[in-house]
Amino acid sequence: MSGLTAVVSTALGMTVLTAAPASAAQIRHKCEGSAVIRCANVEMPSPGVFNAHGRVTDNGTGYDVQVIEVRLEYNLNGVWTLLRTEFPADRWEPVQDTARTETYSCGSSARKSVRAKVYVQWRSGGNVSGDWVTTPTEPPTYICPR
C-alpha cells in the first residue's frame, strides 16, 4: 500500500489490506494432494483481522495450476455464509498460484466460527481437473471474541 493510500485510508477509518504480510499467523490450515498440492488457510495478519488464503502447487509433475475462488465463510445457525470472497485473475501458472481474500476486521463483531474454502484447478494437455479444499470445521475455528 502506498504512503498516500495508507494516509487516506487511515483518515477515512478504512481497513484496506488485500495482501497478508509474510508474518501472518495461520490459525487454521489444510493441504491435500501429492502431485498437485492444494491448500486452504485462515490467516490472522494482525490482531482482530482475518482473511482466507488459497494455494495450489504442482509438485514437479508438469501441471499448470490456478486458484479460481477463495472464500472466508462463517457459520450462521448451521449455514456457511460469506464474509469475504475473491475471484483472482483467470491465468494458468506453471508451478504455483496463490490468492487471498480482502481482510475482515472484527471491530465489535460477535464471536464467529469461520472456515476458508478454496477452489483450484490444474491441467495437463487439454485435461482440466479441479476441486474444493476447506479448512476443518471441527473443532470450530473461532474469531472475534467479545
# chains A, B, ... in the order shown; residues from 1 in each chain; ligands from 1
>>> select_by_dssp(residues="chain A", states="alpha helix (DSSP H)", output="list in words")
Gly3, Leu4, Thr5, Ala6, Val7, Val8, Ser9, Thr10, Ala11 and Leu12 of chain A
>>> write_last_selection(atoms="N, CA, C and O atoms", output="compact mmCIF listing (two decimals), in the first residue's frame")
# COMPACT_ATOMS: atom_id res chain seq x y z
N GLY A 3 2.19 5.13 0.55
CA GLY A 3 2.05 6.01 1.70
C GLY A 3 0.80 6.87 1.62
O GLY A 3 0.09 7.05 2.60
N LEU A 4 0.50 7.39 0.42
CA LEU A 4 -0.69 8.22 0.25
C LEU A 4 -1.95 7.42 0.51
O LEU A 4 -2.86 7.89 1.20
N THR A 5 -2.01 6.18 -0.02
CA THR A 5 -3.18 5.33 0.22
C THR A 5 -3.34 5.05 1.70
O THR A 5 -4.44 5.07 2.24
N ALA A 6 -2.22 4.78 2.38
CA ALA A 6 -2.28 4.50 3.82
C ALA A 6 -2.80 5.70 4.59
O ALA A 6 -3.62 5.56 5.49
N VAL A 7 -2.35 6.90 4.22
CA VAL A 7 -2.80 8.12 4.90
C VAL A 7 -4.28 8.34 4.66
O VAL A 7 -5.04 8.62 5.58
N VAL A 8 -4.71 8.21 3.39
CA VAL A 8 -6.13 8.41 3.06
C VAL A 8 -6.97 7.37 3.78
O VAL A 8 -8.01 7.68 4.36
N SER A 9 -6.54 6.10 3.76
CA SER A 9 -7.29 5.04 4.43
C SER A 9 -7.39 5.28 5.91
O SER A 9 -8.45 5.10 6.51
N THR A 10 -6.29 5.71 6.51
CA THR A 10 -6.31 6.00 7.94
C THR A 10 -7.24 7.17 8.24
O THR A 10 -8.03 7.13 9.17
N ALA A 11 -7.17 8.20 7.42
CA ALA A 11 -8.01 9.38 7.63
C ALA A 11 -9.48 9.04 7.50
O ALA A 11 -10.32 9.58 8.21
N LEU A 12 -9.82 8.11 6.60
CA LEU A 12 -11.21 7.74 6.40
C LEU A 12 -11.64 6.59 7.31
O LEU A 12 -12.79 6.18 7.27
>>> atom_distance(atom1="CA of Val67 in chain A", atom2="CA of Cys144 in chain A")
27.3 Å
>>> closest_residue(among="A:Gly48, A:Pro140, A:Gly60, A:Gly54", to="Ser34 in chain A", atoms="only C-alpha atoms")
A:Gly60
>>> residues_around(residues="Ala24 in chain A", least_positions_apart="2", cutoff="12 Å", atoms="only C-alpha atoms", output="PyMOL selection string")
chain A and resi 19-22+26-28+41-53+100+103
>>> closest_residue(among="A:Leu76, A:Asp64, A:Ser105, A:Ala116", to="Arg91 in chain A", atoms="only C-alpha atoms")
A:Asp64
>>> closest_residue(among="A:Trp80, A:Tyr142, A:Trp132, A:Trp122", to="Val95 in chain A", atoms="only C-alpha atoms")
A:Trp122
>>> select_by_dssp(residues="chain A", states="strand (DSSP E)", output="number ranges by chain")
A: 25-32, 36-46, 49-58, 64-76, 79-86, 96-100, 104-105, 112-124, 127-134, 141-143
>>> residues_around(residues="Thr81 in chain A", least_positions_apart="3", cutoff="12 Å", atoms="only C-alpha atoms", output="number ranges by chain")
A: 71-78, 84-85, 112-117
>>> residues_around(residues="Cys39 in chain A", least_positions_apart="5", cutoff="8 Å", atoms="only C-alpha atoms", output="ChimeraX atom specification")
/A:29-32,54-56,118,133
